[in-house]
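Asker: Input data.txt, format and content: compact mmCIF, C-alpha atoms.
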```txt
# COMPACT_ATOMS: atom_id res chain seq x y z
CA MET A 1 -117.99 -86.70 -29.37
CA GLN A 2 -114.90 -84.56 -29.29
CA LYS A 3 -115.92 -82.90 -26.02
CA LYS A 4 -116.32 -86.30 -24.39
CA LYS A 5 -112.86 -87.33 -25.58
CA ILE A 6 -111.34 -84.19 -24.09
CA GLN A 7 -113.12 -84.66 -20.81
CA LEU A 8 -111.89 -88.27 -20.65
CA ILE A 9 -108.31 -87.19 -21.30
CA VAL A 10 -108.47 -84.48 -18.63
CA THR A 11 -109.97 -86.79 -16.06
CA GLY A 12 -107.39 -89.41 -16.90
CA ALA A 13 -104.57 -86.95 -16.46
CA LEU A 14 -105.92 -85.85 -13.10
CA VAL A 15 -106.22 -89.43 -11.95
CA PHE A 16 -102.66 -90.12 -13.11
CA PHE A 17 -101.25 -87.18 -11.26
CA THR A 18 -103.12 -87.87 -8.06
CA VAL A 19 -102.12 -91.53 -8.05
CA GLY A 20 -98.55 -90.67 -8.98
CA GLY A 21 -98.36 -88.09 -6.21
CA ILE A 22 -99.56 -90.55 -3.62
CA PHE A 23 -97.01 -93.07 -4.79
CA VAL A 24 -94.14 -90.63 -4.75
CA ASN A 25 -95.08 -89.38 -1.34
CA GLY A 26 -95.22 -92.87 0.05
CA LYS A 27 -91.93 -93.91 -1.51
CA TYR A 28 -89.76 -90.87 -0.80
CA GLY A 29 -91.44 -89.46 2.32
CA HIS A 30 -88.83 -91.06 4.69
CA ILE A 31 -85.93 -89.15 3.05
CA ALA A 32 -86.89 -85.74 4.43
CA PRO A 33 -86.41 -86.66 8.12
CA LYS A 34 -82.99 -88.08 7.29
CA VAL A 35 -81.93 -84.76 5.82
CA GLU A 36 -83.18 -82.99 8.88
CA THR A 37 -81.24 -85.32 11.18
CA SER A 38 -78.06 -84.74 9.14
CA GLU A 39 -78.64 -81.04 9.42
CA LYS A 40 -79.08 -81.41 13.18
CA LYS A 41 -75.93 -83.53 13.47
CA GLU A 42 -73.84 -80.85 11.78
CA PRO A 43 -74.45 -78.18 14.45
CA LEU A 44 -73.69 -80.78 17.16
CA LYS A 45 -70.33 -81.55 15.57
CA HIS A 46 -69.59 -77.82 15.33
CA SER A 47 -70.36 -77.25 19.00
CA GLU A 48 -68.17 -80.22 19.98
CA LYS A 49 -65.30 -78.73 17.98
CA LYS A 50 -65.73 -75.39 19.79
CA LYS A 51 -65.66 -77.19 23.16
CA SER A 52 -62.48 -79.05 22.27
CA ALA A 53 -60.82 -75.85 21.01
CA LYS A 54 -61.82 -74.09 24.22
CA LYS A 55 -60.32 -76.90 26.27
CA ASP A 56 -57.09 -76.67 24.27
CA SER A 57 -56.91 -72.90 24.79
CA ASP A 58 -57.61 -73.29 28.50
CA SER A 59 -54.89 -75.89 28.85
CA GLN A 60 -52.49 -73.64 26.91
CA LYS A 61 -53.27 -70.73 29.22
CA ILE A 62 -52.69 -72.95 32.26
CA LYS A 63 -49.32 -74.00 30.84
CA GLU A 64 -48.35 -70.35 30.14
CA THR A 65 -49.34 -69.26 33.64
CA THR A 66 -47.34 -72.10 35.17
CA THR A 67 -44.24 -71.20 33.09
CA THR A 68 -44.53 -67.50 33.94
CA GLU A 69 -44.91 -68.34 37.62
CA LYS A 70 -41.85 -70.58 37.44
CA GLU A 71 -39.91 -67.82 35.69
CA LYS A 72 -41.01 -65.34 38.35
CA GLU A 73 -39.94 -67.73 41.06
CA GLY A 74 -36.55 -68.15 39.30
CA THR A 75 -36.05 -64.40 38.95
CA SER A 76 -37.08 -63.80 42.52
CA LEU A 77 -34.55 -66.43 43.60
CA ASP A 78 -31.88 -64.73 41.45
CA ASP A 79 -32.80 -61.36 42.93
CA LYS A 80 -32.57 -62.78 46.40
CA LYS A 81 -29.15 -64.25 45.60
CA THR A 82 -27.86 -60.97 44.16
CA ALA A 83 -29.31 -59.04 47.10
CA SER A 84 -27.62 -61.39 49.54
CA LYS A 85 -24.33 -60.99 47.62
CA THR A 86 -24.56 -57.20 47.66
CA GLU A 87 -25.37 -57.26 51.38
CA SER A 88 -22.37 -59.47 52.05
CA SER A 89 -20.09 -57.23 49.92
CA ALA A 90 -21.48 -54.16 51.64
CA THR A 91 -20.75 -55.63 55.03
CA ALA A 92 -17.26 -56.67 53.88
CA ASN A 93 -16.51 -53.31 52.19
CA PRO A 94 -18.63 -50.62 53.81
CA ILE A 95 -19.13 -47.47 51.62
CA PRO A 96 -17.73 -44.44 53.40
CA GLU A 97 -20.04 -41.53 53.93
CA VAL A 98 -19.37 -38.73 51.47
CA SER A 99 -19.50 -35.23 52.84
CA PRO A 100 -20.81 -32.33 50.70
CA GLU A 101 -17.31 -30.92 50.41
CA THR A 102 -15.95 -34.17 48.98
CA GLN A 103 -18.94 -34.39 46.65
CA VAL A 104 -18.08 -30.97 45.29
CA ALA A 105 -14.47 -32.05 44.94
CA ARG A 106 -15.53 -35.17 43.08
CA ASP A 107 -17.55 -33.21 40.55
CA PRO A 108 -16.44 -34.72 37.22
CA SER A 109 -16.53 -31.36 35.41
CA GLN A 110 -14.28 -29.76 38.04
CA GLU A 111 -11.97 -32.77 38.07
CA SER A 112 -11.62 -32.59 34.27
CA LYS A 113 -10.85 -28.86 34.56
CA LYS A 114 -8.20 -29.56 37.19
CA GLN A 115 -6.68 -32.29 35.04
CA GLU A 116 -6.54 -29.90 32.08
CA GLU A 117 -4.91 -27.22 34.24
CA THR A 118 -2.33 -29.65 35.62
CA SER A 119 -1.62 -31.02 32.15
CA SER A 120 -1.19 -27.51 30.74
CA GLU A 121 1.10 -26.60 33.65
CA SER A 122 3.16 -29.76 33.29
CA ILE A 123 3.75 -29.34 29.55
CA PRO A 124 6.63 -26.88 29.09
CA GLU A 125 6.16 -24.22 26.47
CA GLU A 126 8.29 -24.71 23.41
CA PRO A 127 10.69 -21.86 22.83
CA GLN A 128 9.79 -19.78 19.85
CA LYS A 129 12.00 -20.63 16.94
CA SER A 130 13.64 -17.74 15.27
CA ASP A 131 12.95 -17.64 11.58
CA SER A 132 16.43 -17.93 10.11
CA THR A 133 15.12 -17.55 6.59
CA LYS A 134 14.24 -13.90 7.13
CA PRO A 135 16.98 -11.61 5.89
CA VAL A 136 18.73 -9.81 8.70
CA LYS A 137 18.83 -6.12 8.08
CA PRO A 138 22.33 -4.78 8.57
CA ALA A 139 22.75 -2.10 11.15
CA PRO A 140 22.83 1.30 9.54
CA THR A 141 26.38 2.47 9.17
CA PRO A 142 26.93 5.96 10.42
CA ALA A 143 27.56 8.44 7.66
CA PRO A 144 31.21 9.30 7.44
CA GLU A 145 32.08 12.70 8.64
CA VAL A 146 32.63 14.97 5.71
CA VAL A 147 35.89 16.70 6.30
CA GLU A 148 36.04 19.79 4.21
CA LYS A 149 39.35 20.29 2.55
CA PRO A 150 41.01 23.64 2.95
CA THR A 151 40.60 25.98 0.00
CA VAL A 152 42.29 29.10 -1.33
CA ASN A 153 41.29 31.72 -3.90
CA LEU A 154 43.55 32.06 -6.96
CA SER A 155 43.62 34.75 -9.69
CA ILE A 156 45.96 35.45 -12.68
CA ARG A 157 46.22 38.98 -14.11
CA GLY A 158 48.19 39.65 -17.30
CA THR A 159 47.86 38.82 -21.02
CA THR A 160 50.04 39.28 -24.07
CA ALA A 161 47.75 42.04 -25.28
CA ASN A 162 47.29 43.82 -21.98
CA SER A 163 49.34 43.14 -18.87
CA SER A 164 46.64 44.56 -16.61
CA ALA A 165 43.86 42.33 -17.98
CA TYR A 166 42.86 39.25 -15.98
CA LEU A 167 43.54 35.87 -17.52
CA ARG A 168 41.60 34.20 -14.66
CA THR A 169 39.60 36.00 -12.05
CA SER A 170 39.54 34.75 -8.46
CA GLN A 171 38.54 31.06 -8.29
CA LYS A 172 38.31 28.68 -5.31
CA VAL A 173 40.82 25.86 -5.39
CA GLU A 174 41.15 22.93 -2.94
CA ILE A 175 44.56 22.43 -1.43
CA GLU A 176 46.32 19.73 0.55
CA GLU A 177 47.68 20.36 4.00
CA GLY A 178 50.99 22.28 3.74
CA GLU A 179 50.79 22.75 -0.03
CA SER A 180 52.87 25.64 -1.46
CA VAL A 181 51.89 28.57 -3.70
CA MET A 182 53.92 27.14 -6.60
CA SER A 183 52.32 23.63 -6.47
CA VAL A 184 48.84 25.12 -6.42
CA LEU A 185 49.60 27.34 -9.44
CA THR A 186 51.11 24.56 -11.56
CA ARG A 187 48.23 22.17 -10.76
CA PHE A 188 45.62 24.82 -11.53
CA CYS A 189 47.21 25.63 -14.92
CA LYS A 190 47.41 21.97 -15.94
CA THR A 191 43.77 21.38 -14.90
CA ASN A 192 42.52 24.36 -16.93
CA GLY A 193 44.82 23.92 -19.95
CA ILE A 194 46.95 26.99 -19.34
CA GLN A 195 50.58 26.95 -20.50
CA ILE A 196 53.17 27.51 -17.70
CA GLU A 197 56.96 27.35 -17.45
CA VAL A 198 58.86 27.16 -14.14
CA THR A 199 62.66 27.62 -13.77
CA PHE A 200 65.35 27.69 -11.08
CA GLY A 201 64.37 24.35 -9.59
CA GLY A 202 60.66 25.18 -9.38
CA SER A 203 61.08 28.45 -7.52
CA TYR A 204 60.60 30.96 -10.36
CA VAL A 205 57.80 31.38 -12.92
CA ALA A 206 59.26 32.26 -16.32
CA GLY A 207 56.00 32.44 -18.30
CA ILE A 208 52.21 31.90 -18.06
CA ASN A 209 49.97 31.49 -21.13
CA ASN A 210 52.98 32.29 -23.34
CA LEU A 211 53.59 35.63 -21.62
CA TYR A 212 57.23 35.52 -20.45
CA GLU A 213 59.53 37.77 -18.49
CA LYS A 214 61.07 40.70 -20.46
CA ASP A 215 58.39 40.33 -23.18
CA LYS A 216 57.28 43.89 -22.32
CA GLY A 217 60.62 45.40 -21.36
CA PRO A 218 63.72 44.56 -19.34
CA GLU A 219 61.89 45.10 -16.04
CA SER A 220 58.85 42.98 -16.90
CA GLY A 221 57.99 39.61 -15.32
CA TRP A 222 55.67 37.64 -12.94
CA LEU A 223 55.16 38.38 -9.20
CA TYR A 224 52.85 36.80 -6.59
CA ALA A 225 51.08 38.20 -3.50
CA VAL A 226 49.33 36.33 -0.61
CA ASN A 227 46.58 38.16 1.23
CA GLY A 228 47.75 41.46 -0.39
CA LEU A 229 51.41 41.05 0.58
CA PHE A 230 54.37 40.31 -1.75
CA PRO A 231 56.76 37.84 -0.13
CA GLY A 232 60.46 38.38 -0.95
CA TYR A 233 61.25 34.62 -1.64
CA GLY A 234 60.36 31.83 -4.04
CA ALA A 235 56.73 30.59 -4.42
CA ASN A 236 57.73 26.97 -3.70
CA SER A 237 58.76 27.97 -0.15
CA TYR A 238 55.50 29.61 0.87
CA PRO A 239 53.07 27.16 2.65
CA LEU A 240 49.37 27.90 2.31
CA LYS A 241 46.53 27.69 4.78
CA ASN A 242 42.75 27.56 4.43
CA GLY A 243 41.24 30.78 3.08
CA ASP A 244 44.38 32.37 1.69
CA GLN A 245 44.07 34.79 -1.26
CA ILE A 246 46.70 34.21 -3.98
CA GLU A 247 47.31 36.74 -6.80
CA TRP A 248 49.72 36.30 -9.73
CA LYS A 249 50.46 39.62 -11.50
CA TYR A 250 52.55 40.57 -14.55
CA THR A 251 54.63 43.73 -14.01
CA GLU A 252 56.40 45.89 -16.57
CA ASN A 253 58.55 47.95 -14.16
CA LEU A 254 59.70 45.74 -11.29
CA GLY A 255 56.37 45.78 -9.51
CA GLN A 256 55.68 49.46 -9.21
CA ASP A 257 52.61 49.17 -11.49
CA VAL A 258 51.11 46.32 -9.34
CA GLY A 259 51.79 47.81 -5.90
CA ALA A 260 54.84 45.77 -4.92
CA PRO A 261 57.18 47.40 -2.36
CA GLN A 262 60.37 49.01 -3.74
CA GLY A 263 63.92 48.97 -2.40
```
Starting from the coordinates I provided, produce the structure as structure tokens.
Answerer:
Amino acid sequence: MQKKKIQLIVTGALVFFTVGGIFVNGKYGHIAPKVETSEKKEPLKHSEKKKSAKKDSDSQKIKETTTTEKEKEGTSLDDKKTASKTESSATANPIPEVSPETQVARDPSQESKKQEETSSESIPEEPQKSDSTKPVKPAPTPAPEVVEKPTVNLSIRGTTANSSAYLRTSQKVEIEEGESVMSVLTRFCKTNGIQIEVTFGGSYVAGINNLYEKDKGPESGWLYAVNGLFPGYGANSYPLKNGDQIEWKYTENLGQDVGAPQG
């Protein structure tokens, strides 16, 4: 019994599905062609759009070519006008033929050099300013000529202890022009701190270094000689000259002991 029930259910299901399939196919079978037609219409619309876009691009290209041609025509007209103007100016002002020599002369580098040379020649050179701030060296003054003064040699022989002993040996003494024996002796004694006494108006020597006349007898006293000679007059009257030898000597017997002439 159960097997029969199952078989009935299966057969019923098959019948249901077959009948349902026929019904569905009959009801919705016309929809499929509509979808196909819509799909076919879509590629037609796409192709029409391409055609219209192509037409637009072609028309745009035609416009661009026409504008470029017009521009070319305008430029060609402008070129013709400028060419005609240049021709008319050339005929009115003909360009002279330039020789090679003039071309060389018109070389811009050479012209600039010439301009520089002319400018340098035209500008006077400024005189060099002397620098006044530098110290001016004075011209060397010539050394003064050294004039040697005349000199004499002076000696004094005679002391209180020994009349033949030298108080001063021969020494060089500067003299003035025309100076006398007496002035040289008095100056020498004062310079060297030697005591001296002169009498009879500066013509007679009474004592030297505290050794006076008649200290060693009635015939003792001071005598002078110049260049080995004993003058017979006062010492203040004898002028000296360069290189003279003066000797003052103390005598005890009127000059015999010192070599003075007698009589």
Asker: Using only C-alpha atoms, can you tell me which of A:Val226, A:Gln7, A:Gln245, A:Asn209 comes closest to Tyr166 (chain A)?
Answerer: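 Result for the nearest residue to Tyr166 (chain A): A:Asn209.
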Asker: Using all atoms listed in the file, which protein or nucleic acid residues come within 10 Å of region 168-171 of chain A? Drop anything in the same chain fewer than 5 positions from it, and give the result as a PyMOL selection string.
Answerer: chain A and resi 151-158+188+245-248
Asker: For CA of Val173 (chain A) and CA of Glu213 (chain A), determine how far apart the two atoms are, in Å to one decimal place.
Answerer: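 Straight-line distance from CA of Val173 (chain A) to CA of Glu213 (chain A) works out to 25.8 Å.
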Asker: Could you tell me, as a tab-separated table (two decimals) with C-alpha atoms, keeping the file's coordinate frame, which residues have any atom at most 8 Å from (63.4, 34.2, -8.3), counting only C-alpha atoms?
Answerer:
```
chain	number	residue	atom	x	y	z
A	200	PHE	CA	65.35	27.69	-11.08
A	203	SER	CA	61.08	28.45	-7.52
A	204	TYR	CA	60.60	30.96	-10.36
A	205	VAL	CA	57.80	31.38	-12.92
A	233	TYR	CA	61.25	34.62	-1.64
A	234	GLY	CA	60.36	31.83	-4.04
```
